>>> print(open('my_file_21.pdb').read())   # PDB, C-alpha atoms
ATOM      1  CA  MET I   1      51.723 120.923 156.436
ATOM      2  CA  GLN I   2      53.732 122.581 159.197
ATOM      3  CA  TYR I   3      57.471 121.987 159.629
ATOM      4  CA  ARG I   4      59.557 122.093 162.778
ATOM      5  CA  THR I   5      63.213 121.696 163.668
ATOM      6  CA  LEU I   6      63.995 118.243 165.065
ATOM      7  CA  GLY I   7      65.502 119.152 168.420
ATOM      8  CA  ARG I   8      68.846 120.872 167.915
ATOM      9  CA  THR I   9      69.763 118.948 164.754
ATOM     10  CA  GLY I  10      68.745 121.672 162.297
ATOM     11  CA  VAL I  11      66.760 119.063 160.333
ATOM     12  CA  GLN I  12      63.285 120.227 159.320
ATOM     13  CA  VAL I  13      60.524 117.633 159.690
ATOM     14  CA  SER I  14      56.780 117.664 159.137
ATOM     15  CA  SER I  15      54.475 118.041 162.138
ATOM     16  CA  LEU I  16      52.791 114.787 161.089
ATOM     17  CA  ALA I  17      55.096 111.843 160.436
ATOM     18  CA  LEU I  18      54.276 108.510 158.807
ATOM     19  CA  GLY I  19      54.641 105.546 161.135
ATOM     20  CA  ALA I  20      54.996 102.239 159.296
ATOM     21  CA  MET I  21      54.113  99.774 162.059
ATOM     22  CA  ASN I  22      51.024  98.673 160.112
ATOM     23  CA  PHE I  23      52.999  97.853 156.979
ATOM     24  CA  GLY I  24      52.984  94.071 156.590
ATOM     25  CA  PRO I  25      51.541  91.445 158.966
ATOM     26  CA  ILE I  26      50.498  93.768 161.822
ATOM     27  CA  GLY I  27      48.139  95.822 159.667
ATOM     28  CA  ARG I  28      47.720  93.218 156.921
ATOM     29  CA  THR I  29      48.992  95.830 154.472
ATOM     30  CA  THR I  30      50.317  94.712 151.085
ATOM     31  CA  GLN I  31      53.308  96.251 149.323
ATOM     32  CA  GLU I  32      51.018  97.976 146.847
ATOM     33  CA  GLU I  33      49.002  99.498 149.696
ATOM     34  CA  ALA I  34      52.128 100.529 151.605
ATOM     35  CA  THR I  35      53.572 102.226 148.530
ATOM     36  CA  ALA I  36      50.287 104.074 147.952
ATOM     37  CA  LEU I  37      50.356 105.292 151.573
ATOM     38  CA  VAL I  38      53.933 106.531 151.202
ATOM     39  CA  ASP I  39      53.096 108.229 147.880
ATOM     40  CA  ALA I  40      50.112 110.053 149.368
ATOM     41  CA  ALA I  41      51.979 111.031 152.534
ATOM     42  CA  LEU I  42      54.905 112.501 150.608
ATOM     43  CA  GLU I  43      52.564 114.333 148.245
ATOM     44  CA  ALA I  44      50.850 115.891 151.284
ATOM     45  CA  GLY I  45      54.171 117.168 152.608
ATOM     46  CA  ILE I  46      55.137 114.497 155.149
ATOM     47  CA  ASN I  47      58.901 114.028 155.015
ATOM     48  CA  LEU I  48      59.583 111.777 158.033
ATOM     49  CA  ILE I  49      58.962 108.021 157.871
ATOM     50  CA  ASP I  50      59.446 105.907 161.002
ATOM     51  CA  THR I  51      59.671 102.127 161.192
ATOM     52  CA  ALA I  52      61.406  99.458 163.317
ATOM     53  CA  ASP I  53      63.136  96.153 162.797
ATOM     54  CA  MET I  54      60.580  94.224 164.862
ATOM     55  CA  TYR I  55      57.515  95.442 162.941
ATOM     56  CA  GLY I  56      56.429  92.284 161.164
ATOM     57  CA  GLU I  57      59.871  90.770 161.895
ATOM     58  CA  GLY I  58      61.481  93.079 159.350
ATOM     59  CA  GLU I  59      58.646  93.150 156.809
ATOM     60  CA  SER I  60      57.791  96.800 157.505
ATOM     61  CA  GLU I  61      61.371  97.860 156.768
ATOM     62  CA  ARG I  62      61.377  95.862 153.531
ATOM     63  CA  MET I  63      58.128  97.498 152.436
ATOM     64  CA  VAL I  64      59.342 100.987 153.338
ATOM     65  CA  GLY I  65      62.551 100.361 151.414
ATOM     66  CA  LYS I  66      60.672  99.398 148.258
ATOM     67  CA  ALA I  67      58.241 102.304 148.639
ATOM     68  CA  ILE I  68      60.958 104.954 148.917
ATOM     69  CA  ALA I  69      63.276 103.565 146.233
ATOM     70  CA  GLY I  70      64.529 106.344 143.997
ATOM     71  CA  ARG I  71      63.615 109.178 146.372
ATOM     72  CA  ARG I  72      65.631 108.421 149.466
ATOM     73  CA  GLU I  73      67.230 111.862 149.701
ATOM     74  CA  ASP I  74      63.862 113.588 150.064
ATOM     75  CA  ILE I  75      62.984 111.592 153.190
ATOM     76  CA  VAL I  76      64.075 111.735 156.810
ATOM     77  CA  LEU I  77      64.236 107.988 157.450
ATOM     78  CA  ALA I  78      64.022 106.594 160.973
ATOM     79  CA  THR I  79      64.083 103.066 162.331
ATOM     80  CA  LYS I  80      64.521 101.367 165.706
ATOM     81  CA  ALA I  81      66.197  98.368 167.346
ATOM     82  CA  THR I  82      66.438  96.486 170.692
ATOM     83  CA  MET I  83      63.144  94.572 170.710
ATOM     84  CA  PRO I  84      63.505  90.754 170.278
ATOM     85  CA  MET I  85      64.170  89.544 166.746
ATOM     86  CA  GLY I  86      63.583  85.817 167.152
ATOM     87  CA  ASP I  87      64.269  83.446 170.014
ATOM     88  CA  GLU I  88      68.065  83.820 170.173
ATOM     89  CA  ARG I  89      68.840  85.514 173.495
ATOM     90  CA  ASN I  90      71.406  87.914 172.041
ATOM     91  CA  HIS I  91      69.230  89.042 169.134
ATOM     92  CA  ARG I  92      67.764  91.858 171.223
ATOM     93  CA  GLY I  93      68.788  94.589 173.606
ATOM     94  CA  SER I  94      71.182  97.498 173.217
ATOM     95  CA  SER I  95      74.611  95.864 173.465
ATOM     96  CA  ARG I  96      77.265  96.804 170.921
ATOM     97  CA  ARG I  97      77.216  93.200 169.676
ATOM     98  CA  TRP I  98      73.544  93.360 168.771
ATOM     99  CA  LEU I  99      73.209  96.980 167.625
ATOM    100  CA  VAL I 100      75.952  96.632 165.010
ATOM    101  CA  THR I 101      74.283  93.520 163.606
ATOM    102  CA  ALA I 102      70.752  94.904 163.893
ATOM    103  CA  LEU I 103      71.634  98.102 162.029
ATOM    104  CA  ASP I 104      73.280  96.203 159.167
ATOM    105  CA  ASP I 105      70.166  94.020 158.939
ATOM    106  CA  SER I 106      67.919  97.105 158.874
ATOM    107  CA  LEU I 107      70.001  98.832 156.204
ATOM    108  CA  ARG I 108      69.834  95.712 154.048
ATOM    109  CA  ARG I 109      66.053  95.434 154.408
ATOM    110  CA  LEU I 110      65.568  99.154 153.734
ATOM    111  CA  GLY I 111      67.928  99.066 150.759
ATOM    112  CA  VAL I 112      69.879 102.125 151.932
ATOM    113  CA  ASP I 113      73.418 102.854 153.130
ATOM    114  CA  HIS I 114      72.368 104.947 156.130
ATOM    115  CA  VAL I 115      69.369 106.016 158.205
ATOM    116  CA  ASP I 116      68.826 109.545 159.426
ATOM    117  CA  LEU I 117      67.605 108.566 162.882
ATOM    118  CA  TYR I 118      68.372 105.297 164.693
ATOM    119  CA  GLN I 119      66.371 104.818 167.874
ATOM    120  CA  ILE I 120      66.692 102.552 170.898
ATOM    121  CA  HIS I 121      63.169 101.113 170.939
ATOM    122  CA  ARG I 122      63.057 100.537 174.701
ATOM    123  CA  TRP I 123      65.486 101.091 177.547
ATOM    124  CA  ASP I 124      67.507  97.933 178.173
ATOM    125  CA  PRO I 125      68.177  97.637 181.930
ATOM    126  CA  THR I 126      70.815  94.937 181.349
ATOM    127  CA  THR I 127      73.115  97.193 179.308
ATOM    128  CA  GLY I 128      75.027 100.221 180.559
ATOM    129  CA  ASP I 129      74.607 103.621 178.905
ATOM    130  CA  GLU I 130      78.296 103.827 178.020
ATOM    131  CA  GLU I 131      78.112 100.536 176.099
ATOM    132  CA  THR I 132      75.115 101.638 174.059
ATOM    133  CA  LEU I 133      76.193 105.231 173.463
ATOM    134  CA  SER I 134      79.695 104.135 172.473
ATOM    135  CA  ALA I 135      78.310 101.729 169.871
ATOM    136  CA  LEU I 136      75.904 104.343 168.514
ATOM    137  CA  THR I 137      78.641 106.974 168.363
ATOM    138  CA  ASP I 138      80.866 104.620 166.354
ATOM    139  CA  LEU I 139      78.012 103.798 163.964
ATOM    140  CA  GLN I 140      77.428 107.522 163.540
ATOM    141  CA  ARG I 141      81.106 108.155 162.808
ATOM    142  CA  ALA I 142      81.032 105.317 160.298
ATOM    143  CA  GLY I 143      78.295 107.177 158.405
ATOM    144  CA  LYS I 144      75.649 104.500 158.886
ATOM    145  CA  ILE I 145      73.420 106.753 161.003
ATOM    146  CA  ARG I 146      73.165 110.527 161.076
ATOM    147  CA  TYR I 147      71.582 110.868 164.540
ATOM    148  CA  PHE I 148      70.289 108.569 167.245
ATOM    149  CA  GLY I 149      67.488 108.766 169.770
ATOM    150  CA  SER I 150      65.543 106.926 172.429
ATOM    151  CA  SER I 151      61.983 105.635 172.480
ATOM    152  CA  THR I 152      59.655 105.309 175.468
ATOM    153  CA  PHE I 153      62.416 105.978 178.007
ATOM    154  CA  PRO I 154      61.457 107.015 181.545
ATOM    155  CA  ALA I 155      62.471 110.601 182.254
ATOM    156  CA  TYR I 156      65.201 109.615 184.688
ATOM    157  CA  ARG I 157      66.806 107.350 182.053
ATOM    158  CA  ILE I 158      66.778 110.204 179.536
ATOM    159  CA  VAL I 159      68.644 112.355 182.045
ATOM    160  CA  GLN I 160      71.078 109.563 182.918
ATOM    161  CA  ALA I 161      71.899 108.968 179.255
ATOM    162  CA  GLN I 162      72.554 112.668 178.695
ATOM    163  CA  TRP I 163      74.975 112.715 181.627
ATOM    164  CA  ALA I 164      76.667 109.508 180.483
ATOM    165  CA  ALA I 165      77.251 110.987 177.022
ATOM    166  CA  ARG I 166      78.809 114.077 178.568
ATOM    167  CA  GLU I 167      80.953 112.165 181.055
ATOM    168  CA  HIS I 168      82.336 109.736 178.480
ATOM    169  CA  ARG I 169      82.518 112.317 175.663
ATOM    170  CA  LEU I 170      80.179 110.413 173.400
ATOM    171  CA  SER I 171      77.420 111.573 171.065
ATOM    172  CA  ARG I 172      74.045 111.884 172.747
ATOM    173  CA  TYR I 173      70.450 111.020 172.064
ATOM    174  CA  VAL I 174      68.867 113.904 170.156
ATOM    175  CA  THR I 175      65.272 112.649 170.137
ATOM    176  CA  GLU I 176      62.764 110.807 172.302
ATOM    177  CA  GLN I 177      59.729 108.921 171.003
ATOM    178  CA  PRO I 178      57.085 108.653 173.762
ATOM    179  CA  SER I 179      53.439 107.640 173.769
ATOM    180  CA  TYR I 180      51.252 110.747 174.028
ATOM    181  CA  SER I 181      47.589 111.524 173.521
ATOM    182  CA  ILE I 182      44.703 113.345 175.176
ATOM    183  CA  LEU I 183      43.961 110.155 177.124
ATOM    184  CA  GLN I 184      47.579 109.458 178.095
ATOM    185  CA  ARG I 185      49.104 112.745 179.287
ATOM    186  CA  GLY I 186      51.521 111.470 181.922
ATOM    187  CA  ILE I 187      54.609 112.517 179.976
ATOM    188  CA  GLU I 188      53.634 116.157 180.481
ATOM    189  CA  ALA I 189      54.719 115.779 184.111
ATOM    190  CA  HIS I 190      58.202 114.401 183.477
ATOM    191  CA  VAL I 191      59.317 113.314 179.978
ATOM    192  CA  LEU I 192      58.346 116.464 178.070
ATOM    193  CA  PRO I 193      59.946 118.881 180.583
ATOM    194  CA  VAL I 194      63.162 116.827 180.444
ATOM    195  CA  ALA I 195      63.070 116.723 176.638
ATOM    196  CA  GLU I 196      62.668 120.485 176.514
ATOM    197  CA  GLU I 197      65.500 120.963 179.033
ATOM    198  CA  TYR I 198      67.917 118.951 176.878
ATOM    199  CA  GLY I 199      66.652 120.212 173.526
ATOM    200  CA  LEU I 200      65.404 116.825 172.336
ATOM    201  CA  GLY I 201      63.099 116.442 169.380
ATOM    202  CA  VAL I 202      59.936 114.566 170.366
ATOM    203  CA  LEU I 203      58.113 112.190 168.025
ATOM    204  CA  ALA I 204      54.849 111.238 169.733
ATOM    205  CA  TRP I 205      53.434 107.800 168.995
ATOM    206  CA  SER I 206      49.828 106.648 169.437
ATOM    207  CA  PRO I 207      48.332 110.174 169.289
ATOM    208  CA  LEU I 208      44.944 108.563 168.555
ATOM    209  CA  ALA I 209      45.274 106.346 171.653
ATOM    210  CA  SER I 210      45.086 103.045 169.760
ATOM    211  CA  GLY I 211      41.930 104.205 167.996
ATOM    212  CA  TRP I 212      40.048 105.509 171.031
ATOM    213  CA  LEU I 213      40.264 109.016 169.539
ATOM    214  CA  SER I 214      39.616 108.070 165.920
ATOM    215  CA  GLY I 215      35.854 108.583 166.134
ATOM    216  CA  ALA I 216      35.221 104.858 165.744
ATOM    217  CA  VAL I 217      34.804 104.229 169.474
ATOM    218  CA  ARG I 218      31.615 105.701 170.914
ATOM    219  CA  ALA I 219      29.084 104.807 173.585
ATOM    220  CA  GLY I 220      26.305 102.482 172.446
ATOM    221  CA  ARG I 221      28.310 101.108 169.535
ATOM    222  CA  ASP I 222      30.027  97.758 169.219
ATOM    223  CA  VAL I 223      33.772  98.309 169.111
ATOM    224  CA  ASP I 224      35.036  96.533 166.014
ATOM    225  CA  THR I 225      38.318  98.137 165.027
ATOM    226  CA  HIS I 226      41.497  96.437 163.869
ATOM    227  CA  ARG I 227      43.232  97.358 167.113
ATOM    228  CA  SER I 228      40.346  96.150 169.292
ATOM    229  CA  ARG I 229      40.571  92.737 167.636
ATOM    230  CA  ILE I 230      44.315  92.552 168.311
ATOM    231  CA  LEU I 231      44.137  93.949 171.870
ATOM    232  CA  PRO I 232      40.605  93.222 173.143
ATOM    233  CA  ASP I 233      41.528  93.839 176.806
ATOM    234  CA  ARG I 234      42.177  97.494 175.996
ATOM    235  CA  PHE I 235      38.566  97.939 174.894
ATOM    236  CA  ASP I 236      36.781  95.769 177.456
ATOM    237  CA  LEU I 237      34.347  98.149 179.149
ATOM    238  CA  THR I 238      34.223  96.017 182.307
ATOM    239  CA  VAL I 239      37.730  97.361 182.958
ATOM    240  CA  PRO I 240      37.365 100.647 184.919
ATOM    241  CA  ALA I 241      40.147 102.384 182.985
ATOM    242  CA  ASN I 242      38.414 101.605 179.691
ATOM    243  CA  GLN I 243      35.099 102.933 180.954
ATOM    244  CA  ALA I 244      36.889 106.105 182.062
ATOM    245  CA  ARG I 245      38.312 106.443 178.578
ATOM    246  CA  LEU I 246      34.910 106.021 176.987
ATOM    247  CA  ASP I 247      33.411 108.641 179.289
ATOM    248  CA  ALA I 248      36.197 111.044 178.312
ATOM    249  CA  VAL I 249      35.737 110.270 174.611
ATOM    250  CA  GLU I 250      32.039 111.148 174.797
ATOM    251  CA  ARG I 251      32.814 114.508 176.383
ATOM    252  CA  LEU I 252      35.647 115.153 173.915
ATOM    253  CA  ALA I 253      33.330 114.373 171.002
ATOM    254  CA  ARG I 254      31.056 117.207 172.122
ATOM    255  CA  VAL I 255      34.054 119.571 172.313
ATOM    256  CA  ALA I 256      35.103 118.594 168.797
ATOM    257  CA  GLU I 257      31.593 119.000 167.403
ATOM    258  CA  GLU I 258      31.168 122.441 168.934
ATOM    259  CA  ALA I 259      34.533 123.499 167.490
ATOM    260  CA  GLY I 260      33.688 122.170 164.017
ATOM    261  CA  LEU I 261      36.410 119.524 164.202
ATOM    262  CA  THR I 262      36.601 115.784 163.720
ATOM    263  CA  MET I 263      37.826 113.702 166.645
ATOM    264  CA  ILE I 264      41.014 113.033 164.688
ATOM    265  CA  GLN I 265      41.626 116.739 164.190
ATOM    266  CA  LEU I 266      41.076 117.354 167.887
ATOM    267  CA  ALA I 267      43.407 114.512 168.885
ATOM    268  CA  LEU I 268      46.249 115.347 166.512
ATOM    269  CA  GLY I 269      45.856 119.092 166.996
ATOM    270  CA  PHE I 270      46.172 118.577 170.738
ATOM    271  CA  VAL I 271      49.422 116.597 170.466
ATOM    272  CA  THR I 272      51.088 118.968 168.011
ATOM    273  CA  ALA I 273      50.022 121.985 170.093
ATOM    274  CA  HIS I 274      52.442 121.115 172.903
ATOM    275  CA  PRO I 275      55.651 123.163 172.533
ATOM    276  CA  GLY I 276      57.720 120.128 173.485
ATOM    277  CA  VAL I 277      56.383 117.967 170.641
ATOM    278  CA  THR I 278      58.005 118.044 167.207
ATOM    279  CA  SER I 279      55.820 115.600 165.292
ATOM    280  CA  ALA I 280      52.869 113.288 165.832
ATOM    281  CA  LEU I 281      53.364 109.820 164.345
ATOM    282  CA  ILE I 282      50.323 108.593 162.446
ATOM    283  CA  GLY I 283      50.019 104.920 161.513
ATOM    284  CA  PRO I 284      47.300 104.517 158.867
ATOM    285  CA  ARG I 285      46.411 101.116 157.454
ATOM    286  CA  THR I 286      44.417 102.464 154.515
ATOM    287  CA  LEU I 287      44.353 105.541 152.303
ATOM    288  CA  ALA I 288      41.034 106.520 153.876
ATOM    289  CA  HIS I 289      42.688 106.495 157.305
ATOM    290  CA  LEU I 290      45.583 108.558 155.973
ATOM    291  CA  HIS I 291      43.396 111.220 154.378
ATOM    292  CA  ALA I 292      41.328 111.556 157.567
ATOM    293  CA  GLN I 293      44.530 112.122 159.514
ATOM    294  CA  LEU I 294      46.056 114.491 156.949
ATOM    295  CA  ALA I 295      43.011 116.719 157.463
ATOM    296  CA  ALA I 296      44.613 117.623 160.799
ATOM    297  CA  ALA I 297      47.892 118.771 159.250
ATOM    298  CA  ASP I 298      47.079 122.460 159.657
ATOM    299  CA  THR I 299      44.762 122.193 162.658
ATOM    300  CA  VAL I 300      45.476 124.790 165.330
ATOM    301  CA  LEU I 301      43.328 124.461 168.450
ATOM    302  CA  SER I 302      42.100 127.596 170.172
ATOM    303  CA  ALA I 303      42.799 128.276 173.840
ATOM    304  CA  ASP I 304      39.123 127.639 174.612
ATOM    305  CA  VAL I 305      39.283 124.164 173.049
ATOM    306  CA  LEU I 306      42.510 123.304 174.865
ATOM    307  CA  ASP I 307      40.963 124.512 178.133
ATOM    308  CA  ALA I 308      37.977 122.248 177.498
ATOM    309  CA  VAL I 309      40.297 119.295 176.924
ATOM    310  CA  ASP I 310      42.116 120.064 180.183
ATOM    311  CA  ALA I 311      38.793 120.041 182.023
ATOM    312  CA  ILE I 312      38.082 116.521 180.746
ATOM    313  CA  VAL I 313      41.536 114.960 181.159
ATOM    314  CA  ALA I 314      43.738 116.889 183.556
ATOM    315  CA  PRO I 315      47.294 117.759 182.458
ATOM    316  CA  GLY I 316      49.804 115.068 183.373
ATOM    317  CA  THR I 317      47.111 112.387 183.781
ATOM    318  CA  ASP I 318      47.102 108.887 182.277
ATOM    319  CA  LEU I 319      43.653 107.344 182.080
ATOM    320  CA  ALA I 320      45.221 103.912 181.500
ATOM    321  CA  ALA I 321      48.439 104.039 183.495
ATOM    322  CA  HIS I 322      48.742 100.234 183.426
ATOM    323  CA  GLU I 323      49.401 100.397 179.677
ATOM    324  CA  LYS I 324      52.441 102.621 180.020
ATOM    325  CA  SER I 325      55.636 101.244 178.481
ATOM    326  CA  ASP I 326      58.070 103.440 180.439
ATOM    327  CA  THR I 327      57.228 102.273 183.950
ATOM    328  CA  PRO I 328      60.358 101.858 186.136
ATOM    329  CA  PRO I 329      61.079  98.127 186.629
ATOM    330  CA  ALA I 330      60.788  98.372 190.436
ATOM    331  CA  LEU I 331      57.114  99.253 190.103
ATOM    332  CA  LEU I 332      56.465  96.031 188.202
ATOM    333  CA  THR I 333      58.749  93.567 190.018
ATOM    334  CA  PRO I 334      58.259  93.338 193.820
ATOM    335  CA  SER I 335      61.727  91.882 194.431
ATOM    336  CA  LEU I 336      63.305  95.093 193.126
ATOM    337  CA  ARG I 337      61.685  97.190 195.846
ATOM    338  CA  ARG I 338      62.176  94.793 198.762
ATOM    339  CA  ARG I 339      65.351  94.002 200.655
ATOM    340  CA  PRO I 340      66.187  90.278 200.643
TER     341      PRO I 340
END
>>> encode(input="my_file_21.pdb", output="structure tokens")
Amino acid sequence: MQYRTLGRTGVQVSSLALGAMNFGPIGRTTQEEATALVDAALEAGINLIDTADMYGEGESERMVGKAIAGRREDIVLATKATMPMGDERNHRGSSRRWLVTALDDSLRRLGVDHVDLYQIHRWDPTTGDEETLSALTDLQRAGKIRYFGSSTFPAYRIVQAQWAAREHRLSRYVTEQPSYSILQRGIEAHVLPVAEEYGLGVLAWSPLASGWLSGAVRAGRDVDTHRSRILPDRFDLTVPANQARLDAVERLARVAEEAGLTMIQLALGFVTAHPGVTSALIGPRTLAHLHAQLAAADTVLSADVLDAVDAIVAPGTDLAAHEKSDTPPALLTPSLRRRP
């Protein structure tokens, strides 16, 4: 396992991190299975575990808490807030009112008195940066969080938040958690350069592109993965973007084979090769998935392999741009780009 410094925090984290989204209802993972995954990940050298309050409506946090009991100090523990937690209109977002409550709820579910990294799961356009950063700074000073970060923020919002922290003399986001894979490289054009400029640690989620790069999706085969059953539209080959992804996967499979690599090694090795990326978040549902992904822990791709990847999916290109979660609101809502 390789280790890198998380931004400018001085904290050393593994280049592969364990994402716990599949713990509980989403991945149909039992507590026994979740604990086995945590045990195997820690034994392999992973020291960063990432979850969120909305994963299974809190069930993932509860499972993580039970799995890490008795060894909390050996783990860099991260969770997230702001996504809806029920139907109540104020049980979401990044207001001080909700973040204080959401963090206490997360700490209770995790069974800990603090988390190392508390992340704003998505940018909340209804709440000002000063409001959110002020609340996070106070929670940090209270000892309930060590650091805080953003997740899936557009580049311009990352910049704005950095300036707001400076202007109001508040603590700042020290990490960003974006989606990044060979098939979704758009952040190379904006988010990663900004993260490097401000010294942010980057925890990349979906490095296997929702299973497209796992080796399970190939031409001529029926797609029958857990993710394809949950999100069938993302694997419907009548959709041009999905056909483009499949075409790229076939070409990438030949690159991997010629290099003596699995598709997973190619995918994870690509993400961790970028100098702006600290860790790739893996989200296994089973021990078999975990071991296949751990095989990439020490993978270092040669320049020739990276050049071949660039020839298939150009730098800064998203093959499924419509799936991006950091699209500026004005691109999605016509009224925001039209004068009344």
>>> closest_residue(input="my_file_21.pdb", among="I:Gln184, I:Thr9, I:Thr79, I:Asn22", to="His322 of chain I", atoms="all atoms listed in the file")
I:Gln184
>>> resolve_selection(input="my_file_21.pdb", expression="the PyMOL selection byres ((chain I and resi 161) around 12)", output="ChimeraX atom specification")
/I:120,123-124,127-134,149-150,153-160,162-176,194,198
>>> write_last_selection(input="my_file_21.pdb", atoms="C-alpha atoms", output="PDB file, keeping the file's coordinate frame")
ATOM      1  CA  ILE I 120      66.692 102.552 170.898  1.00  0.00           C
ATOM      2  CA  TRP I 123      65.486 101.091 177.547  1.00  0.00           C
ATOM      3  CA  ASP I 124      67.507  97.933 178.173  1.00  0.00           C
ATOM      4  CA  THR I 127      73.115  97.193 179.308  1.00  0.00           C
ATOM      5  CA  GLY I 128      75.027 100.221 180.559  1.00  0.00           C
ATOM      6  CA  ASP I 129      74.607 103.621 178.905  1.00  0.00           C
ATOM      7  CA  GLU I 130      78.296 103.827 178.020  1.00  0.00           C
ATOM      8  CA  GLU I 131      78.112 100.536 176.099  1.00  0.00           C
ATOM      9  CA  THR I 132      75.115 101.638 174.059  1.00  0.00           C
ATOM     10  CA  LEU I 133      76.193 105.231 173.463  1.00  0.00           C
ATOM     11  CA  SER I 134      79.695 104.135 172.473  1.00  0.00           C
ATOM     12  CA  GLY I 149      67.488 108.766 169.770  1.00  0.00           C
ATOM     13  CA  SER I 150      65.543 106.926 172.429  1.00  0.00           C
ATOM     14  CA  PHE I 153      62.416 105.978 178.007  1.00  0.00           C
ATOM     15  CA  PRO I 154      61.457 107.015 181.545  1.00  0.00           C
ATOM     16  CA  ALA I 155      62.471 110.601 182.254  1.00  0.00           C
ATOM     17  CA  TYR I 156      65.201 109.615 184.688  1.00  0.00           C
ATOM     18  CA  ARG I 157      66.806 107.350 182.053  1.00  0.00           C
ATOM     19  CA  ILE I 158      66.778 110.204 179.536  1.00  0.00           C
ATOM     20  CA  VAL I 159      68.644 112.355 182.045  1.00  0.00           C
ATOM     21  CA  GLN I 160      71.078 109.563 182.918  1.00  0.00           C
ATOM     22  CA  GLN I 162      72.554 112.668 178.695  1.00  0.00           C
ATOM     23  CA  TRP I 163      74.975 112.715 181.627  1.00  0.00           C
ATOM     24  CA  ALA I 164      76.667 109.508 180.483  1.00  0.00           C
ATOM     25  CA  ALA I 165      77.251 110.987 177.022  1.00  0.00           C
ATOM     26  CA  ARG I 166      78.809 114.077 178.568  1.00  0.00           C
ATOM     27  CA  GLU I 167      80.953 112.165 181.055  1.00  0.00           C
ATOM     28  CA  HIS I 168      82.336 109.736 178.480  1.00  0.00           C
ATOM     29  CA  ARG I 169      82.518 112.317 175.663  1.00  0.00           C
ATOM     30  CA  LEU I 170      80.179 110.413 173.400  1.00  0.00           C
ATOM     31  CA  SER I 171      77.420 111.573 171.065  1.00  0.00           C
ATOM     32  CA  ARG I 172      74.045 111.884 172.747  1.00  0.00           C
ATOM     33  CA  TYR I 173      70.450 111.020 172.064  1.00  0.00           C
ATOM     34  CA  VAL I 174      68.867 113.904 170.156  1.00  0.00           C
ATOM     35  CA  THR I 175      65.272 112.649 170.137  1.00  0.00           C
ATOM     36  CA  GLU I 176      62.764 110.807 172.302  1.00  0.00           C
ATOM     37  CA  VAL I 194      63.162 116.827 180.444  1.00  0.00           C
ATOM     38  CA  TYR I 198      67.917 118.951 176.878  1.00  0.00           C
TER      39      TYR I 198
END
>>> closest_residue(input="my_file_21.pdb", among="I:Gln119, I:Gln31, I:Ser94, I:Gln265", to="Leu301 of chain I", atoms="all atoms listed in the file")
I:Gln265
>>> closest_residue(input="my_file_21.pdb", among="I:Ala296, I:Leu117, I:Pro328, I:Ala81", to="Met1 of chain I", atoms="all atoms listed in the file")
I:Ala296
>>> residues_around(input="my_file_21.pdb", residues="Glu73 of chain I", least_positions_apart="4", cutoff="12 Å", atoms="all atoms listed in the file", output="PyMOL selection string")
chain I and resi 47-48+68-69+77+112-116
>>> axis_aligned_box(input="my_file_21.pdb", around="segment 150-156 of chain I", padding_each_side="4 Å", output="JSON")
{"center_x": 62.6, "center_y": 108.0, "center_z": 178.6, "size_x": 13.9, "size_y": 13.3, "size_z": 20.3}
>>> resolve_selection(input="my_file_21.pdb", expression="the PyMOL selection byres ((chain I and resi 250-252) around 8)", output="list of chain:residue names")
I:Arg218, I:Ala219, I:Leu246, I:Asp247, I:Ala248, I:Val249, I:Ala253, I:Arg254, I:Val255, I:Ala256, I:Met263, I:Val309, I:Ile312
>>> write_last_selection(input="my_file_21.pdb", atoms="C-alpha atoms", output="compact mmCIF listing (two decimals), in the coordinates of the input")
# COMPACT_ATOMS: atom_id res chain seq x y z
CA ARG I 218 31.62 105.70 170.91
CA ALA I 219 29.08 104.81 173.58
CA LEU I 246 34.91 106.02 176.99
CA ASP I 247 33.41 108.64 179.29
CA ALA I 248 36.20 111.04 178.31
CA VAL I 249 35.74 110.27 174.61
CA ALA I 253 33.33 114.37 171.00
CA ARG I 254 31.06 117.21 172.12
CA VAL I 255 34.05 119.57 172.31
CA ALA I 256 35.10 118.59 168.80
CA MET I 263 37.83 113.70 166.64
CA VAL I 309 40.30 119.30 176.92
CA ILE I 312 38.08 116.52 180.75
>>> closest_residue(input="my_file_21.pdb", among="I:Thr299, I:Ser60, I:Ser325, I:Ser15", to="Ala259 of chain I", atoms="all atoms listed in the file")
I:Thr299
>>> resolve_selection(input="my_file_21.pdb", expression="the PyMOL selection byres ((chain I and resi 270-279) around 6)", output="ChimeraX atom specification")
/I:15-16,192,196,201-203,266-269,280
>>> atom_distance(input="my_file_21.pdb", atom1="atom CA of Ala135 of chain I", atom2="atom CA of Ile75 of chain I")
24.7 Å
>>> closest_residue(input="my_file_21.pdb", among="I:Trp205, I:Leu319, I:Glu43, I:His190", to="His291 of chain I", atoms="only C-alpha atoms")
I:Glu43
>>> residues_around(input="my_file_21.pdb", residues="Ala34 of chain I", least_positions_apart="6", cutoff="8 Å", atoms="all atoms listed in the file", output="PyMOL selection string")
chain I and resi 23+63-64+67
>>> closest_residue(input="my_file_21.pdb", among="I:Gln293, I:Ser335, I:Ser302, I:Thr225", to="Gly27 of chain I", atoms="all atoms listed in the file")
I:Thr225
>>> closest_atom_pairs(input="my_file_21.pdb", of="segment 197-244 of chain I", to="segment 283-288 of chain I", cutoff="10 Å", atoms="only C-alpha atoms", output="CSV")
residue,atom,partner,partner_atom,distance
I:Trp205,CA,I:Gly283,CA,8.7
I:Ser206,CA,I:Gly283,CA,8.1
I:Pro207,CA,I:Gly283,CA,9.5
I:Leu208,CA,I:Gly283,CA,9.4
I:Ser210,CA,I:Gly283,CA,9.8
I:His226,CA,I:Arg285,CA,9.3
>>> atom_distance(input="my_file_21.pdb", atom1="atom CA of Phe235 of chain I", atom2="atom CA of Leu213 of chain I")
12.4 Å
